[in-house]
Amino acid sequence: VQLQASGGGLVQTGGSLRLSCAASGLIFSSYRMGWFRQSPGKEREFVAVMSPKTNYTSYTDSVKGRFTISRDNARNTVYLLLTSLKPEDTAAYYCAARKHVTYPSPSRDRSSSSYDYWGQGTQVTVSS
């Protein structure tokens with residue numbers, strides 16, 4: 001299984017970026033896809049998750065209304081649109097996959113230990 005994240009870069013405060021994560025080696029439509037981020041000296045934190053077929057999404061409070069997760073099952077790709085970026089959004093962003101279950105737990109969606117596969121990370125730097 002491979003998850004290949006891309007789309008990071010340097011952007012000014014208020015700017016936008018779209019991250020992509022292309023998956024291979026798994027049945028993409030059977031997996032919940034999440035995005036996490038990690039800044040130097042901090043723990044990896046949950047950003048967003050999307051279910052495989054029902055369009056259910058969930059976000060951490062600090063990004064609600066600014067970030068949008070989406071996916072294209074035909075392309076085996078999950079996206080994260082970042083808008084109204086702030087310096088505190090600066091981090092390495094990681095995509096991750098966890099097997100979908102019939103009754104998913106929101107708490108498990110937000111826990112990095114629940115995920116089976118991880119991408120390599122793409123750096124987002126927001127300048128003030």
# chains A, B, ... in the order shown; residues from 1 in each chain; ligands from 1

$ closest_atom_pairs --of "stretch 51-76 of chain A" --to "stretch 10-29 of chain A" --cutoff "6 Å" --atoms "only C-alpha atoms" --output "tab-separated table"
residue	atom	partner	partner_atom	distance
A:Pro52	CA	A:Ser29	CA	5.2
A:Asn73	CA	A:Ser29	CA	6.0
A:Asn76	CA	A:Ala23	CA	5.4

$ select_by_dssp --residues "stretch 3-119 of chain A" --states "helix (DSSP H, G or I)" --output "number ranges by chain"
A: 28-30, 61-63, 87-89, 106-109, 112-114

$ write_last_selection --atoms "N, CA and C atoms" --output "compact mmCIF listing (two decimals), in the first residue's frame"
# COMPACT_ATOMS: atom_id res chain seq x y z
N PHE A 28 -9.71 1.41 -2.30
CA PHE A 28 -9.86 2.77 -1.77
C PHE A 28 -11.26 3.00 -1.21
N SER A 29 -12.27 2.48 -1.87
CA SER A 29 -13.65 2.72 -1.45
C SER A 29 -14.02 1.96 -0.19
N SER A 30 -13.09 1.19 0.37
CA SER A 30 -13.32 0.48 1.63
C SER A 30 -12.66 1.18 2.81
N ASP A 61 -11.85 21.47 15.40
CA ASP A 61 -12.51 22.77 15.53
C ASP A 61 -11.72 23.91 14.89
N SER A 62 -10.41 23.86 14.98
CA SER A 62 -9.59 24.98 14.52
C SER A 62 -9.60 25.17 13.01
N VAL A 63 -10.09 24.18 12.27
CA VAL A 63 -10.09 24.30 10.80
C VAL A 63 -11.49 24.33 10.22
N PRO A 87 -0.71 31.41 10.13
CA PRO A 87 0.63 30.90 10.47
C PRO A 87 0.57 29.64 11.34
N GLU A 88 -0.42 29.53 12.19
CA GLU A 88 -0.53 28.35 13.07
C GLU A 88 -0.94 27.09 12.31
N ASP A 89 -1.27 27.21 11.04
CA ASP A 89 -1.54 26.03 10.21
C ASP A 89 -0.24 25.42 9.66
N PRO A 106 -16.36 8.24 16.15
CA PRO A 106 -15.69 9.53 15.93
C PRO A 106 -14.37 9.64 16.68
N SER A 107 -14.31 9.07 17.85
CA SER A 107 -13.07 9.16 18.63
C SER A 107 -11.96 8.37 17.95
N ARG A 108 -12.30 7.27 17.35
CA ARG A 108 -11.28 6.49 16.65
C ARG A 108 -10.87 7.18 15.35
N ASP A 109 -11.81 7.88 14.73
CA ASP A 109 -11.46 8.65 13.54
C ASP A 109 -10.38 9.69 13.86
N SER A 112 -4.70 8.87 15.77
CA SER A 112 -3.73 8.43 14.76
C SER A 112 -3.45 6.94 14.86
N SER A 113 -3.59 6.38 16.03
CA SER A 113 -3.30 4.95 16.21
C SER A 113 -4.35 4.06 15.54
N SER A 114 -5.47 4.65 15.12
CA SER A 114 -6.53 3.87 14.48
C SER A 114 -6.26 3.63 13.00

$ atom_distance --atom1 "atom CA of A:Tyr31" --atom2 "atom CA of A:Thr68"
18.1 Å

$ closest_residue --among "A:Met50, A:Gly8, A:Lys42, A:Thr125" --to "A:Val78" --atoms "only C-alpha atoms"
A:Met50

$ closest_residue --among "A:Phe67, A:Tyr93, A:Tyr56, A:Tyr79" --to "A:Ser39" --atoms "only C-alpha atoms"
A:Tyr93

$ residues_around --residues "A:Lys99" --least-positions-apart "2" --cutoff "8 Å" --atoms "only C-alpha atoms" --output "MDAnalysis selection string"
chainID A and resid 30:32 97 101 115:116

$ atom_distance --atom1 "atom CA of A:Glu45" --atom2 "atom CA of A:Ala96"
12.0 Å

$ residues_around --residues "A:Thr122" --least-positions-apart "4" --cutoff "7 Å" --atoms "only C-alpha atoms" --output "list in words"
Ala5, Ser6, Gly7, Gly8, Ala92, Tyr93 and Tyr94 of chain A

$ write_last_selection --atoms "all heavy atoms" --output "tab-separated table (two decimals), in the first residue's frame"
chain	number	residue	atom	x	y	z
A	5	ALA	N	1.29	11.84	-0.78
A	5	ALA	CA	0.74	13.18	-0.56
A	5	ALA	C	1.53	14.21	-1.34
A	5	ALA	O	2.75	14.09	-1.50
A	5	ALA	CB	0.75	13.51	0.92
A	6	SER	N	0.83	15.24	-1.80
A	6	SER	CA	1.48	16.32	-2.55
A	6	SER	C	0.66	17.58	-2.40
A	6	SER	O	-0.47	17.56	-1.89
A	6	SER	CB	1.61	15.93	-4.02
A	6	SER	OG	0.33	15.73	-4.59
A	7	GLY	N	1.22	18.70	-2.88
A	7	GLY	CA	0.48	19.95	-2.91
A	7	GLY	C	0.87	20.97	-1.87
A	7	GLY	O	0.36	22.09	-1.88
A	8	GLY	N	1.76	20.62	-0.97
A	8	GLY	CA	2.19	21.57	0.03
A	8	GLY	C	3.04	22.67	-0.57
A	8	GLY	O	3.42	22.62	-1.74
A	92	ALA	N	3.66	19.78	8.79
A	92	ALA	CA	3.68	18.72	7.79
A	92	ALA	C	2.31	18.04	7.84
A	92	ALA	O	1.84	17.68	8.93
A	92	ALA	CB	4.77	17.72	8.09
A	93	TYR	N	1.70	17.90	6.68
A	93	TYR	CA	0.36	17.30	6.60
A	93	TYR	C	0.48	15.88	6.06
A	93	TYR	O	1.13	15.64	5.04
A	93	TYR	CB	-0.53	18.15	5.69
A	93	TYR	CG	-1.02	19.40	6.38
A	93	TYR	CD1	-0.14	20.45	6.64
A	93	TYR	CD2	-2.34	19.52	6.78
A	93	TYR	CE1	-0.59	21.60	7.30
A	93	TYR	CE2	-2.79	20.67	7.43
A	93	TYR	CZ	-1.91	21.69	7.69
A	93	TYR	OH	-2.35	22.83	8.35
A	94	TYR	N	-0.20	14.97	6.75
A	94	TYR	CA	-0.14	13.56	6.42
A	94	TYR	C	-1.53	13.03	6.09
A	94	TYR	O	-2.49	13.33	6.82
A	94	TYR	CB	0.41	12.74	7.59
A	94	TYR	CG	1.81	13.09	7.99
A	94	TYR	CD1	2.07	14.13	8.88
A	94	TYR	CD2	2.90	12.38	7.48
A	94	TYR	CE1	3.37	14.45	9.25
A	94	TYR	CE2	4.20	12.69	7.84
A	94	TYR	CZ	4.42	13.73	8.72
A	94	TYR	OH	5.72	14.05	9.08

$ select_by_dssp --residues "stretch 13-112 of chain A" --states "strand (DSSP E or B)" --output "MDAnalysis selection string"
chainID A and resid 17:24 31:38 45:50 57:59 67:72 77:82 91:99

$ residues_around --residues "A:Thr57" --least-positions-apart "6" --cutoff "10 Å" --atoms "only C-alpha atoms" --output "ChimeraX atom specification"
/A:32-34,48-51,68-70

$ decode --residues "stretch 74-87 of chain A" --atoms "all heavy atoms" --output "mmCIF file, in the first residue's frame"
data_model
loop_
_atom_site.group_PDB
_atom_site.id
_atom_site.type_symbol
_atom_site.label_atom_id
_atom_site.label_comp_id
_atom_site.auth_asym_id
_atom_site.auth_seq_id
_atom_site.Cartn_x
_atom_site.Cartn_y
_atom_site.Cartn_z
ATOM 1 N N ALA A 74 -13.009 7.162 -7.869
ATOM 2 C CA ALA A 74 -12.590 6.679 -9.190
ATOM 3 C C ALA A 74 -11.102 6.919 -9.429
ATOM 4 O O ALA A 74 -10.462 6.181 -10.177
ATOM 5 C CB ALA A 74 -13.414 7.359 -10.278
ATOM 6 N N ARG A 75 -10.564 7.930 -8.772
ATOM 7 C CA ARG A 75 -9.139 8.263 -8.929
ATOM 8 C C ARG A 75 -8.307 7.815 -7.733
ATOM 9 O O ARG A 75 -7.114 8.099 -7.678
ATOM 10 C CB ARG A 75 -8.975 9.766 -9.132
ATOM 11 C CG ARG A 75 -9.603 10.286 -10.421
ATOM 12 C CD ARG A 75 -9.444 11.805 -10.529
ATOM 13 N NE ARG A 75 -10.061 12.343 -11.734
ATOM 14 C CZ ARG A 75 -9.446 12.457 -12.900
ATOM 15 N NH1 ARG A 75 -8.185 12.073 -13.022
ATOM 16 N NH2 ARG A 75 -10.084 12.963 -13.938
ATOM 17 N N ASN A 76 -8.956 7.166 -6.740
ATOM 18 C CA ASN A 76 -8.242 6.722 -5.533
ATOM 19 C C ASN A 76 -7.486 7.869 -4.876
ATOM 20 O O ASN A 76 -6.326 7.706 -4.448
ATOM 21 C CB ASN A 76 -7.269 5.582 -5.859
ATOM 22 C CG ASN A 76 -7.973 4.273 -6.143
ATOM 23 O OD1 ASN A 76 -9.202 4.214 -6.175
ATOM 24 N ND2 ASN A 76 -7.204 3.228 -6.367
ATOM 25 N N THR A 77 -8.140 9.008 -4.800
ATOM 26 C CA THR A 77 -7.469 10.204 -4.302
ATOM 27 C C THR A 77 -8.350 10.937 -3.293
ATOM 28 O O THR A 77 -9.565 11.053 -3.498
ATOM 29 C CB THR A 77 -7.100 11.145 -5.457
ATOM 30 O OG1 THR A 77 -6.245 10.444 -6.381
ATOM 31 C CG2 THR A 77 -6.362 12.377 -4.960
ATOM 32 N N VAL A 78 -7.723 11.414 -2.237
ATOM 33 C CA VAL A 78 -8.390 12.268 -1.261
ATOM 34 C C VAL A 78 -7.716 13.630 -1.304
ATOM 35 O O VAL A 78 -6.504 13.726 -1.546
ATOM 36 C CB VAL A 78 -8.348 11.654 0.153
ATOM 37 C CG1 VAL A 78 -6.923 11.482 0.667
ATOM 38 C CG2 VAL A 78 -9.173 12.468 1.125
ATOM 39 N N TYR A 79 -8.513 14.656 -1.089
ATOM 40 C CA TYR A 79 -8.016 16.028 -1.167
ATOM 41 C C TYR A 79 -8.281 16.753 0.152
ATOM 42 O O TYR A 79 -9.178 16.410 0.901
ATOM 43 C CB TYR A 79 -8.724 16.787 -2.290
ATOM 44 C CG TYR A 79 -8.633 16.120 -3.641
ATOM 45 C CD1 TYR A 79 -9.662 15.304 -4.111
ATOM 46 C CD2 TYR A 79 -7.516 16.302 -4.461
ATOM 47 C CE1 TYR A 79 -9.588 14.683 -5.340
ATOM 48 C CE2 TYR A 79 -7.433 15.692 -5.692
ATOM 49 C CZ TYR A 79 -8.470 14.884 -6.138
ATOM 50 O OH TYR A 79 -8.379 14.275 -7.364
ATOM 51 N N LEU A 80 -7.491 17.786 0.373
ATOM 52 C CA LEU A 80 -7.757 18.692 1.482
ATOM 53 C C LEU A 80 -7.532 20.103 0.960
ATOM 54 O O LEU A 80 -6.408 20.478 0.623
ATOM 55 C CB LEU A 80 -6.844 18.417 2.681
ATOM 56 C CG LEU A 80 -7.178 19.222 3.935
ATOM 57 C CD1 LEU A 80 -8.525 18.804 4.505
ATOM 58 C CD2 LEU A 80 -6.068 19.065 4.987
ATOM 59 N N LEU A 81 -8.616 20.866 0.874
ATOM 60 C CA LEU A 81 -8.535 22.254 0.448
ATOM 61 C C LEU A 81 -8.356 23.118 1.685
ATOM 62 O O LEU A 81 -9.187 23.084 2.597
ATOM 63 C CB LEU A 81 -9.802 22.653 -0.308
ATOM 64 C CG LEU A 81 -9.900 24.104 -0.740
ATOM 65 C CD1 LEU A 81 -8.783 24.451 -1.735
ATOM 66 C CD2 LEU A 81 -11.264 24.407 -1.345
ATOM 67 N N LEU A 82 -7.276 23.870 1.703
ATOM 68 C CA LEU A 82 -6.960 24.726 2.828
ATOM 69 C C LEU A 82 -7.162 26.174 2.382
ATOM 70 O O LEU A 82 -6.517 26.631 1.429
ATOM 71 C CB LEU A 82 -5.507 24.557 3.270
ATOM 72 C CG LEU A 82 -5.056 23.230 3.902
ATOM 73 C CD1 LEU A 82 -5.079 22.074 2.911
ATOM 74 C CD2 LEU A 82 -3.653 23.371 4.465
ATOM 75 N N THR A 83 -8.045 26.894 3.034
ATOM 76 C CA THR A 83 -8.275 28.292 2.726
ATOM 77 C C THR A 83 -8.128 29.138 3.983
ATOM 78 O O THR A 83 -8.085 28.612 5.095
ATOM 79 C CB THR A 83 -9.678 28.510 2.125
ATOM 80 O OG1 THR A 83 -10.667 28.214 3.117
ATOM 81 C CG2 THR A 83 -9.892 27.631 0.903
ATOM 82 N N SER A 84 -8.038 30.442 3.786
ATOM 83 C CA SER A 84 -7.874 31.380 4.915
ATOM 84 C C SER A 84 -6.769 30.903 5.848
ATOM 85 O O SER A 84 -6.930 30.882 7.072
ATOM 86 C CB SER A 84 -9.191 31.526 5.679
ATOM 87 O OG SER A 84 -10.218 31.986 4.835
ATOM 88 N N LEU A 85 -5.654 30.549 5.260
ATOM 89 C CA LEU A 85 -4.572 29.959 6.037
ATOM 90 C C LEU A 85 -3.978 30.941 7.033
ATOM 91 O O LEU A 85 -3.890 32.151 6.770
ATOM 92 C CB LEU A 85 -3.491 29.421 5.105
ATOM 93 C CG LEU A 85 -3.843 28.066 4.488
ATOM 94 C CD1 LEU A 85 -2.977 27.799 3.263
ATOM 95 C CD2 LEU A 85 -3.667 26.954 5.508
ATOM 96 N N LYS A 86 -3.567 30.394 8.163
ATOM 97 C CA LYS A 86 -2.970 31.166 9.252
ATOM 98 C C LYS A 86 -1.584 30.611 9.549
ATOM 99 O O LYS A 86 -1.312 29.433 9.280
ATOM 100 C CB LYS A 86 -3.836 31.034 10.511
ATOM 101 C CG LYS A 86 -5.299 31.418 10.319
ATOM 102 C CD LYS A 86 -6.096 31.138 11.587
ATOM 103 C CE LYS A 86 -7.564 31.472 11.413
ATOM 104 N NZ LYS A 86 -8.344 31.195 12.646
ATOM 105 N N PRO A 87 -0.706 31.411 10.131
ATOM 106 C CA PRO A 87 0.630 30.897 10.469
ATOM 107 C C PRO A 87 0.568 29.639 11.343
ATOM 108 O O PRO A 87 1.436 28.757 11.203
ATOM 109 C CB PRO A 87 1.264 32.070 11.220
ATOM 110 C CG PRO A 87 0.613 33.269 10.621
ATOM 111 C CD PRO A 87 -0.804 32.856 10.369
#
